[in-house]
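Pasted below: my_file_29.pdb, PDB, C-alpha atoms, pLDDT in the B column.
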ATOM      1  CA  MET Y   1     141.815  67.683  56.884  1.00 93.00           C
ATOM      2  CA  LYS Y   2     140.260  71.112  56.392  1.00 96.00           C
ATOM      3  CA  PHE Y   3     141.727  74.393  55.136  1.00 97.00           C
ATOM      4  CA  ALA Y   4     141.458  75.762  58.679  1.00 97.00           C
ATOM      5  CA  ASP Y   5     143.885  73.025  59.801  1.00 97.00           C
ATOM      6  CA  PHE Y   6     146.769  74.246  57.666  1.00 97.00           C
ATOM      7  CA  ILE Y   7     146.039  77.630  56.073  1.00 97.00           C
ATOM      8  CA  CYS Y   8     147.214  80.577  58.150  1.00 97.00           C
ATOM      9  CA  TYR Y   9     144.481  83.137  57.494  1.00 96.00           C
ATOM     10  CA  GLU Y  10     146.661  86.132  58.351  1.00 96.00           C
ATOM     11  CA  ALA Y  11     149.131  85.095  55.650  1.00 97.00           C
ATOM     12  CA  ILE Y  12     146.600  85.011  52.785  1.00 97.00           C
ATOM     13  CA  ARG Y  13     147.442  87.344  49.901  1.00 97.00           C
ATOM     14  CA  PRO Y  14     144.372  88.291  47.813  1.00 95.00           C
ATOM     15  CA  GLU Y  15     146.241  90.403  45.270  1.00 94.00           C
ATOM     16  CA  LEU Y  16     149.717  89.089  44.575  1.00 96.00           C
ATOM     17  CA  ALA Y  17     152.108  91.729  43.278  1.00 95.00           C
ATOM     18  CA  ALA Y  18     154.527  89.159  41.856  1.00 95.00           C
ATOM     19  CA  ASN Y  19     154.322  88.166  38.224  1.00 91.00           C
ATOM     20  CA  ASP Y  20     156.889  85.407  37.929  1.00 95.00           C
ATOM     21  CA  LYS Y  21     157.448  82.097  39.628  1.00 97.00           C
ATOM     22  CA  GLU Y  22     160.325  83.076  41.904  1.00 97.00           C
ATOM     23  CA  ASP Y  23     158.656  86.311  43.017  1.00 97.00           C
ATOM     24  CA  VAL Y  24     155.384  84.553  43.827  1.00 98.00           C
ATOM     25  CA  ILE Y  25     157.230  82.077  46.019  1.00 98.00           C
ATOM     26  CA  ASN Y  26     159.166  84.890  47.701  1.00 98.00           C
ATOM     27  CA  GLU Y  27     155.978  86.850  48.332  1.00 98.00           C
ATOM     28  CA  LEU Y  28     154.108  83.897  49.809  1.00 98.00           C
ATOM     29  CA  VAL Y  29     157.002  82.756  52.014  1.00 98.00           C
ATOM     30  CA  ALA Y  30     157.291  86.358  53.250  1.00 98.00           C
ATOM     31  CA  SER Y  31     153.582  86.285  54.089  1.00 97.00           C
ATOM     32  CA  LEU Y  32     154.151  83.269  56.369  1.00 97.00           C
ATOM     33  CA  ILE Y  33     157.043  85.065  58.055  1.00 97.00           C
ATOM     34  CA  ASP Y  34     154.938  88.213  58.592  1.00 97.00           C
ATOM     35  CA  ALA Y  35     152.250  86.041  60.145  1.00 96.00           C
ATOM     36  CA  GLY Y  36     154.824  84.506  62.505  1.00 95.00           C
ATOM     37  CA  GLU Y  37     154.445  80.996  61.098  1.00 95.00           C
ATOM     38  CA  ILE Y  38     158.102  80.552  60.163  1.00 94.00           C
ATOM     39  CA  LYS Y  39     161.341  82.250  61.147  1.00 94.00           C
ATOM     40  CA  ALA Y  40     162.561  85.206  59.104  1.00 95.00           C
ATOM     41  CA  ASP Y  41     166.113  83.802  59.141  1.00 96.00           C
ATOM     42  CA  ASP Y  42     164.901  80.768  57.208  1.00 96.00           C
ATOM     43  CA  LYS Y  43     163.362  82.699  54.348  1.00 96.00           C
ATOM     44  CA  LYS Y  44     166.180  82.222  51.887  1.00 96.00           C
ATOM     45  CA  SER Y  45     166.595  78.507  52.500  1.00 97.00           C
ATOM     46  CA  ILE Y  46     162.840  77.879  52.306  1.00 97.00           C
ATOM     47  CA  VAL Y  47     162.503  79.798  49.036  1.00 98.00           C
ATOM     48  CA  GLN Y  48     165.504  77.920  47.624  1.00 97.00           C
ATOM     49  CA  ALA Y  49     164.068  74.562  48.699  1.00 96.00           C
ATOM     50  CA  ILE Y  50     160.706  75.328  47.075  1.00 97.00           C
ATOM     51  CA  LEU Y  51     162.389  76.433  43.844  1.00 97.00           C
ATOM     52  CA  LYS Y  52     164.504  73.293  43.853  1.00 96.00           C
ATOM     53  CA  ARG Y  53     161.371  71.201  44.210  1.00 94.00           C
ATOM     54  CA  GLU Y  54     159.827  73.057  41.257  1.00 95.00           C
ATOM     55  CA  GLU Y  55     162.830  72.104  39.138  1.00 94.00           C
ATOM     56  CA  LEU Y  56     161.937  68.439  39.588  1.00 90.00           C
ATOM     57  CA  GLY Y  57     158.548  69.108  38.051  1.00 90.00           C
ATOM     58  CA  SER Y  58     156.137  71.986  38.337  1.00 94.00           C
ATOM     59  CA  THR Y  59     153.570  71.895  41.123  1.00 95.00           C
ATOM     60  CA  GLY Y  60     151.210  73.724  38.785  1.00 96.00           C
ATOM     61  CA  ILE Y  61     148.721  70.863  38.650  1.00 94.00           C
ATOM     62  CA  GLY Y  62     146.393  72.445  36.110  1.00 94.00           C
ATOM     63  CA  ARG Y  63     143.090  74.344  36.305  1.00 93.00           C
ATOM     64  CA  GLY Y  64     145.058  77.481  37.213  1.00 96.00           C
ATOM     65  CA  VAL Y  65     146.194  75.994  40.524  1.00 97.00           C
ATOM     66  CA  ALA Y  66     149.703  75.431  41.925  1.00 97.00           C
ATOM     67  CA  VAL Y  67     150.828  73.908  45.214  1.00 97.00           C
ATOM     68  CA  PRO Y  68     154.470  74.972  45.691  1.00 97.00           C
ATOM     69  CA  HIS Y  69     155.816  73.285  48.814  1.00 96.00           C
ATOM     70  CA  THR Y  70     158.761  72.027  50.801  1.00 95.00           C
ATOM     71  CA  LYS Y  71     159.685  70.319  54.000  1.00 93.00           C
ATOM     72  CA  HIS Y  72     161.623  72.521  56.376  1.00 94.00           C
ATOM     73  CA  PRO Y  73     162.539  72.292  60.067  1.00 92.00           C
ATOM     74  CA  SER Y  74     161.445  75.922  60.436  1.00 90.00           C
ATOM     75  CA  ALA Y  75     157.819  74.733  60.402  1.00 92.00           C
ATOM     76  CA  GLU Y  76     156.725  73.295  63.748  1.00 90.00           C
ATOM     77  CA  GLN Y  77     153.555  72.037  62.128  1.00 93.00           C
ATOM     78  CA  LEU Y  78     152.176  71.987  58.613  1.00 96.00           C
ATOM     79  CA  THR Y  79     151.467  75.550  57.609  1.00 97.00           C
ATOM     80  CA  GLY Y  80     150.368  77.195  54.426  1.00 98.00           C
ATOM     81  CA  THR Y  81     149.004  80.248  52.748  1.00 98.00           C
ATOM     82  CA  VAL Y  82     146.908  81.181  49.734  1.00 98.00           C
ATOM     83  CA  GLY Y  83     147.791  83.708  47.057  1.00 98.00           C
ATOM     84  CA  VAL Y  84     145.598  84.935  44.231  1.00 97.00           C
ATOM     85  CA  SER Y  85     146.901  86.528  41.060  1.00 96.00           C
ATOM     86  CA  ALA Y  86     144.148  87.995  38.893  1.00 92.00           C
ATOM     87  CA  GLU Y  87     146.353  88.058  35.800  1.00 93.00           C
ATOM     88  CA  GLY Y  88     147.922  84.688  36.402  1.00 96.00           C
ATOM     89  CA  VAL Y  89     151.583  83.723  36.496  1.00 97.00           C
ATOM     90  CA  ASP Y  90     153.521  81.472  34.148  1.00 97.00           C
ATOM     91  CA  PHE Y  91     154.385  78.514  36.380  1.00 97.00           C
ATOM     92  CA  ASN Y  92     155.300  75.816  33.810  1.00 95.00           C
ATOM     93  CA  SER Y  93     152.049  74.115  34.721  1.00 95.00           C
ATOM     94  CA  LEU Y  94     151.359  70.535  33.736  1.00 92.00           C
ATOM     95  CA  ASP Y  95     148.560  71.762  31.455  1.00 92.00           C
ATOM     96  CA  GLY Y  96     150.563  74.744  30.183  1.00 94.00           C
ATOM     97  CA  GLY Y  97     148.128  77.325  31.580  1.00 96.00           C
ATOM     98  CA  LYS Y  98     148.857  80.301  33.799  1.00 97.00           C
ATOM     99  CA  VAL Y  99     148.292  79.978  37.527  1.00 98.00           C
ATOM    100  CA  GLN Y 100     145.912  82.246  39.446  1.00 97.00           C
ATOM    101  CA  LEU Y 101     145.568  80.269  42.672  1.00 98.00           C
ATOM    102  CA  PHE Y 102     148.555  79.356  44.819  1.00 98.00           C
ATOM    103  CA  PHE Y 103     148.514  77.138  47.888  1.00 98.00           C
ATOM    104  CA  LEU Y 104     152.035  77.279  49.334  1.00 98.00           C
ATOM    105  CA  LEU Y 105     152.804  74.667  51.986  1.00 97.00           C
ATOM    106  CA  VAL Y 106     155.702  74.251  54.400  1.00 97.00           C
ATOM    107  CA  SER Y 107     155.730  71.074  56.456  1.00 95.00           C
ATOM    108  CA  PRO Y 108     158.000  69.706  59.164  1.00 94.00           C
ATOM    109  CA  PRO Y 109     160.339  67.023  57.774  1.00 91.00           C
ATOM    110  CA  ASP Y 110     158.714  64.147  59.652  1.00 89.00           C
ATOM    111  CA  LEU Y 111     155.039  64.605  58.783  1.00 88.00           C
ATOM    112  CA  PRO Y 112     154.477  63.344  55.228  1.00 88.00           C
ATOM    113  CA  GLN Y 113     150.943  62.235  56.144  1.00 91.00           C
ATOM    114  CA  ASP Y 114     149.793  65.768  56.892  1.00 94.00           C
ATOM    115  CA  HIS Y 115     151.212  66.986  53.602  1.00 94.00           C
ATOM    116  CA  LEU Y 116     149.283  64.261  51.732  1.00 94.00           C
ATOM    117  CA  ARG Y 117     146.090  65.149  53.572  1.00 95.00           C
ATOM    118  CA  ALA Y 118     146.514  68.812  52.699  1.00 96.00           C
ATOM    119  CA  LEU Y 119     146.992  67.910  49.021  1.00 95.00           C
ATOM    120  CA  GLU Y 120     143.920  65.700  49.247  1.00 95.00           C
ATOM    121  CA  ASN Y 121     141.875  68.568  50.633  1.00 95.00           C
ATOM    122  CA  ILE Y 122     143.114  71.071  48.054  1.00 96.00           C
ATOM    123  CA  SER Y 123     142.549  68.751  45.087  1.00 94.00           C
ATOM    124  CA  ARG Y 124     139.135  67.620  46.318  1.00 94.00           C
ATOM    125  CA  GLN Y 125     137.850  71.147  46.935  1.00 94.00           C
ATOM    126  CA  LEU Y 126     139.375  72.792  43.884  1.00 94.00           C
ATOM    127  CA  ARG Y 127     137.886  70.260  41.514  1.00 91.00           C
ATOM    128  CA  ASP Y 128     134.709  72.264  42.018  1.00 92.00           C
ATOM    129  CA  ASP Y 129     134.521  74.854  39.233  1.00 92.00           C
ATOM    130  CA  MET Y 130     132.438  77.284  41.239  1.00 94.00           C
ATOM    131  CA  PHE Y 131     134.819  77.266  44.195  1.00 95.00           C
ATOM    132  CA  CYS Y 132     137.766  77.861  41.829  1.00 94.00           C
ATOM    133  CA  ARG Y 133     135.992  80.711  40.101  1.00 94.00           C
ATOM    134  CA  PHE Y 134     134.955  82.408  43.331  1.00 95.00           C
ATOM    135  CA  LEU Y 135     138.523  82.161  44.664  1.00 96.00           C
ATOM    136  CA  ARG Y 136     139.975  83.654  41.464  1.00 94.00           C
ATOM    137  CA  GLN Y 137     137.529  86.534  41.738  1.00 93.00           C
ATOM    138  CA  ALA Y 138     138.131  87.134  45.439  1.00 93.00           C
ATOM    139  CA  LYS Y 139     139.457  90.621  46.042  1.00 90.00           C
ATOM    140  CA  SER Y 140     139.926  90.716  49.785  1.00 95.00           C
ATOM    141  CA  LEU Y 141     141.283  88.658  52.637  1.00 95.00           C
ATOM    142  CA  ASP Y 142     137.760  88.419  54.047  1.00 95.00           C
ATOM    143  CA  ASP Y 143     136.409  87.036  50.759  1.00 95.00           C
ATOM    144  CA  ILE Y 144     139.038  84.297  50.676  1.00 97.00           C
ATOM    145  CA  GLN Y 145     138.639  83.444  54.364  1.00 96.00           C
ATOM    146  CA  GLN Y 146     134.906  83.181  53.876  1.00 96.00           C
ATOM    147  CA  LEU Y 147     135.283  80.924  50.826  1.00 97.00           C
ATOM    148  CA  LEU Y 148     137.707  78.616  52.640  1.00 97.00           C
ATOM    149  CA  LYS Y 149     135.317  78.389  55.584  1.00 96.00           C
ATOM    150  CA  GLU Y 150     132.424  77.568  53.277  1.00 96.00           C
ATOM    151  CA  ALA Y 151     134.545  74.881  51.619  1.00 96.00           C
ATOM    152  CA  ASP Y 152     135.408  73.482  55.069  1.00 96.00           C
ATOM    153  CA  ASN Y 153     131.668  73.224  55.711  1.00 94.00           C
ATOM    154  CA  ASN Y 154     131.337  71.227  52.490  1.00 88.00           C
ATOM    155  CA  GLN Y 155     129.321  73.899  50.756  1.00 87.00           C
ATOM    156  CA  PHE Y 156     131.048  73.324  47.431  1.00 85.00           C
ATOM    157  CA  VAL Y 157     131.811  69.639  47.149  1.00 73.00           C
ATOM    158  CA  SER Y 158     128.719  67.543  46.717  1.00 58.00           C
TER     159      SER Y 158
ATOM    160  CA  MET D   1     132.638  39.726  16.726  1.00 37.00           C
ATOM    161  CA  MET D   2     134.308  37.317  19.089  1.00 39.00           C
ATOM    162  CA  ALA D   3     137.742  38.683  18.299  1.00 41.00           C
ATOM    163  CA  LYS D   4     136.609  42.202  19.041  1.00 45.00           C
ATOM    164  CA  GLN D   5     135.313  41.227  22.433  1.00 49.00           C
ATOM    165  CA  MET D   6     138.519  39.385  23.205  1.00 52.00           C
ATOM    166  CA  ALA D   7     140.571  42.480  22.423  1.00 58.00           C
ATOM    167  CA  GLU D   8     138.822  44.516  25.119  1.00 70.00           C
ATOM    168  CA  THR D   9     140.862  43.191  28.004  1.00 87.00           C
ATOM    169  CA  ILE D  10     140.413  44.070  31.635  1.00 92.00           C
ATOM    170  CA  TRP D  11     143.482  43.692  33.786  1.00 94.00           C
ATOM    171  CA  SER D  12     144.179  44.506  37.398  1.00 95.00           C
ATOM    172  CA  GLN D  13     146.980  44.001  39.879  1.00 95.00           C
ATOM    173  CA  PRO D  14     147.712  45.129  43.433  1.00 96.00           C
ATOM    174  CA  ALA D  15     150.702  47.279  44.413  1.00 94.00           C
ATOM    175  CA  THR D  16     151.991  48.737  47.659  1.00 94.00           C
ATOM    176  CA  ILE D  17     153.227  52.306  47.985  1.00 94.00           C
ATOM    177  CA  LYS D  18     156.779  52.096  49.288  1.00 91.00           C
ATOM    178  CA  CYS D  19     157.998  55.684  49.272  1.00 86.00           C
ATOM    179  CA  SER D  20     157.885  57.175  52.752  1.00 87.00           C
ATOM    180  CA  GLU D  21     156.189  60.334  51.543  1.00 88.00           C
ATOM    181  CA  GLY D  22     153.322  58.499  49.914  1.00 92.00           C
ATOM    182  CA  LEU D  23     151.740  59.247  46.560  1.00 93.00           C
ATOM    183  CA  HIS D  24     152.330  62.998  46.626  1.00 92.00           C
ATOM    184  CA  ALA D  25     152.343  65.467  43.739  1.00 92.00           C
ATOM    185  CA  ARG D  26     155.474  64.350  41.897  1.00 92.00           C
ATOM    186  CA  PRO D  27     154.864  60.584  41.828  1.00 94.00           C
ATOM    187  CA  ALA D  28     151.222  61.274  40.984  1.00 95.00           C
ATOM    188  CA  ASP D  29     152.395  63.343  38.019  1.00 95.00           C
ATOM    189  CA  GLN D  30     154.751  60.545  36.919  1.00 95.00           C
ATOM    190  CA  PHE D  31     151.956  58.012  37.191  1.00 96.00           C
ATOM    191  CA  VAL D  32     149.619  60.133  35.058  1.00 97.00           C
ATOM    192  CA  ARG D  33     152.274  60.725  32.407  1.00 96.00           C
ATOM    193  CA  LEU D  34     152.887  57.006  32.072  1.00 97.00           C
ATOM    194  CA  ALA D  35     149.178  56.122  32.215  1.00 97.00           C
ATOM    195  CA  LYS D  36     148.411  58.533  29.393  1.00 97.00           C
ATOM    196  CA  ARG D  37     150.753  56.638  27.079  1.00 97.00           C
ATOM    197  CA  PHE D  38     148.242  53.808  27.016  1.00 97.00           C
ATOM    198  CA  GLN D  39     144.928  53.704  25.232  1.00 96.00           C
ATOM    199  CA  SER D  40     143.267  51.742  28.003  1.00 96.00           C
ATOM    200  CA  ALA D  41     141.147  53.423  30.624  1.00 97.00           C
ATOM    201  CA  ILE D  42     143.104  53.291  33.886  1.00 97.00           C
ATOM    202  CA  GLU D  43     141.730  53.418  37.375  1.00 97.00           C
ATOM    203  CA  ILE D  44     143.245  53.172  40.831  1.00 97.00           C
ATOM    204  CA  GLU D  45     141.395  51.598  43.697  1.00 96.00           C
ATOM    205  CA  LEU D  46     142.180  52.245  47.349  1.00 96.00           C
ATOM    206  CA  ASP D  47     139.932  51.187  50.233  1.00 93.00           C
ATOM    207  CA  GLY D  48     136.920  50.911  47.966  1.00 92.00           C
ATOM    208  CA  LYS D  49     137.497  54.293  46.355  1.00 93.00           C
ATOM    209  CA  LEU D  50     138.022  54.173  42.600  1.00 95.00           C
ATOM    210  CA  VAL D  51     139.628  57.119  40.783  1.00 96.00           C
ATOM    211  CA  ASP D  52     140.773  58.021  37.274  1.00 97.00           C
ATOM    212  CA  GLY D  53     144.454  57.069  36.912  1.00 97.00           C
ATOM    213  CA  LYS D  54     144.959  59.637  34.160  1.00 97.00           C
ATOM    214  CA  SER D  55     144.039  62.620  36.357  1.00 96.00           C
ATOM    215  CA  ILE D  56     146.518  64.026  38.877  1.00 95.00           C
ATOM    216  CA  TRP D  57     143.591  65.710  40.626  1.00 93.00           C
ATOM    217  CA  SER D  58     141.868  62.401  41.152  1.00 95.00           C
ATOM    218  CA  ILE D  59     145.016  60.642  42.326  1.00 96.00           C
ATOM    219  CA  LEU D  60     145.794  63.329  44.900  1.00 95.00           C
ATOM    220  CA  THR D  61     142.365  62.826  46.449  1.00 94.00           C
ATOM    221  CA  LEU D  62     143.459  59.291  47.421  1.00 95.00           C
ATOM    222  CA  ALA D  63     146.098  60.652  49.845  1.00 94.00           C
ATOM    223  CA  ALA D  64     147.808  57.279  49.504  1.00 95.00           C
ATOM    224  CA  ALA D  65     150.423  57.047  52.255  1.00 93.00           C
ATOM    225  CA  GLU D  66     153.390  54.692  52.574  1.00 93.00           C
ATOM    226  CA  GLY D  67     152.137  51.123  52.869  1.00 93.00           C
ATOM    227  CA  SER D  68     148.833  51.803  51.107  1.00 94.00           C
ATOM    228  CA  GLU D  69     147.716  48.850  49.030  1.00 95.00           C
ATOM    229  CA  LEU D  70     146.360  50.045  45.738  1.00 95.00           C
ATOM    230  CA  THR D  71     144.911  48.099  42.867  1.00 97.00           C
ATOM    231  CA  ILE D  72     145.693  49.285  39.363  1.00 97.00           C
ATOM    232  CA  CYS D  73     142.898  48.462  36.927  1.00 96.00           C
ATOM    233  CA  ALA D  74     143.005  48.916  33.167  1.00 97.00           C
ATOM    234  CA  SER D  75     140.545  48.135  30.452  1.00 96.00           C
ATOM    235  CA  GLY D  76     141.336  48.305  26.767  1.00 95.00           C
ATOM    236  CA  ASP D  77     143.529  46.767  24.116  1.00 93.00           C
ATOM    237  CA  ASP D  78     146.763  47.453  25.982  1.00 95.00           C
ATOM    238  CA  ALA D  79     145.415  46.822  29.502  1.00 95.00           C
ATOM    239  CA  GLU D  80     147.934  44.161  30.486  1.00 95.00           C
ATOM    240  CA  GLU D  81     150.888  46.169  29.236  1.00 96.00           C
ATOM    241  CA  ALA D  82     149.606  49.302  30.977  1.00 97.00           C
ATOM    242  CA  VAL D  83     149.165  47.598  34.343  1.00 97.00           C
ATOM    243  CA  GLU D  84     152.608  46.006  34.119  1.00 96.00           C
ATOM    244  CA  ALA D  85     154.292  49.325  33.343  1.00 97.00           C
ATOM    245  CA  LEU D  86     152.441  51.207  36.081  1.00 97.00           C
ATOM    246  CA  ILE D  87     153.165  48.520  38.675  1.00 96.00           C
ATOM    247  CA  GLU D  88     156.811  48.659  37.677  1.00 94.00           C
ATOM    248  CA  LEU D  89     156.825  52.428  38.238  1.00 95.00           C
ATOM    249  CA  ILE D  90     155.298  52.047  41.698  1.00 94.00           C
ATOM    250  CA  GLU D  91     157.596  49.142  42.628  1.00 90.00           C
ATOM    251  CA  SER D  92     160.629  51.137  41.477  1.00 88.00           C
ATOM    252  CA  ASP D  93     159.658  53.771  44.036  1.00 83.00           C
ATOM    253  CA  PHE D  94     159.116  56.279  41.225  1.00 86.00           C
ATOM    254  CA  VAL D  95     162.709  56.447  40.110  1.00 75.00           C
ATOM    255  CA  GLU D  96     162.869  58.599  37.000  1.00 59.00           C
TER     256      GLU D  96
END
For the file at hand, write its structure as structure tokens.
Amino acid sequence: MKFADFICYEAIRPELAANDKEDVINELVASLIDAGEIKADDKKSIVQAILKREELGSTGIGRGVAVPHTKHPSAEQLTGTVGVSAEGVDFNSLDGGKVQLFFLLVSPPDLPQDHLRALENISRQLRDDMFCRFLRQAKSLDDIQQLLKEADNNQFVS
Amino acid sequence: MMAKQMAETIWSQPATIKCSEGLHARPADQFVRLAKRFQSAIEIELDGKLVDGKSIWSILTLAAAEGSELTICASGDDAEEAVEALIELIESDFVE
């Protein structure tokens, strides 16, 4: 699976305003609603579901990356967005570090395979230090789109 | 000399992923936490791909779905104990 298969480009947020966990999740879920990926009426329940999942264990998987996610019937197919916080947000990460790169995913309840494939893609690509660094430094939607496209063309992972 | 060589045990055992959502972020995290309690080097093999069992990043790249047949491999003084504990975690369907 490639980023283009599950990241909604219009929903990407290069400069997140939020500076705590709940606000980041709110901001990114709102971005998916603005892009028409999920229904506005479902915002509250999606945010709550993602926060509940975080209580079971942070999705901050280290290296300044987090993958907050949930299953929700509002998503007709796996959808996701990317948010970048230059300063970083305290996300109770597994390695204790702040998170600069967020990949928020919402998947339909019956497609666990797609969710796994998205996680596989994110973890495989973001293990590359250069790709991570470029994403953290990205200032515009175009920059991030371009980086994701380059990653999809295997320009980072050897 | 002989005793030292004997202590370096290599142990491996197959296991099947039972949870319907596969080896996603939370079970991968649980696996890593348990694996790190052992001194042995731990690896997971799936379809010929071998990854570091102490790295959540590596485990997520397996995208191990329900029904996947993994092999847990450990090498070190506590290899047998490590494999047994990790298999138990997988077989328990990652109940905390």
Check which residues satisfy the ChimeraX specification (/Y :<8) & /D in the file shown, then give them as a ChimeraX atom specification. /D:20-26,56-58,60-65
Can you turn the PyMOL selection byres ((chain D and resi 83) around 10) into a concrete residue list for this file, as a list in words? Ile10, Trp11, Ser12, Gln13, Pro14, Ala35, Phe38, Ser40, Ile42, Glu43, Thr71, Ile72, Cys73, Ala74, Ser75, Asp78, Ala79, Glu80, Glu81, Ala82, Glu84, Ala85, Leu86, Ile87, Glu88 and Leu89 of chain D
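Straight-line separation from atom CA of Y:Arg13 to atom CA of Y:Gly83: 4.6 Å.
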Gap from atom CA of Y:Ala17 to atom CA of Y:Ser31 - Å, one decimal: 12.2 Å
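Each of D:Phe31, D:Ser68, D:Ala15, D:Arg37 was compared to D:Asp52 using all atoms listed in the file, and D:Phe31 turns out to be the nearest.
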For this structure, which residues satisfy the selection - the PyMOL selection byres ((chain Y and resi 98-101) around 9) - when it is evaluated on the file as given? I want them as a ChimeraX atom specification. /Y:60,62-67,82-93,95-97,102-103,132,135-136
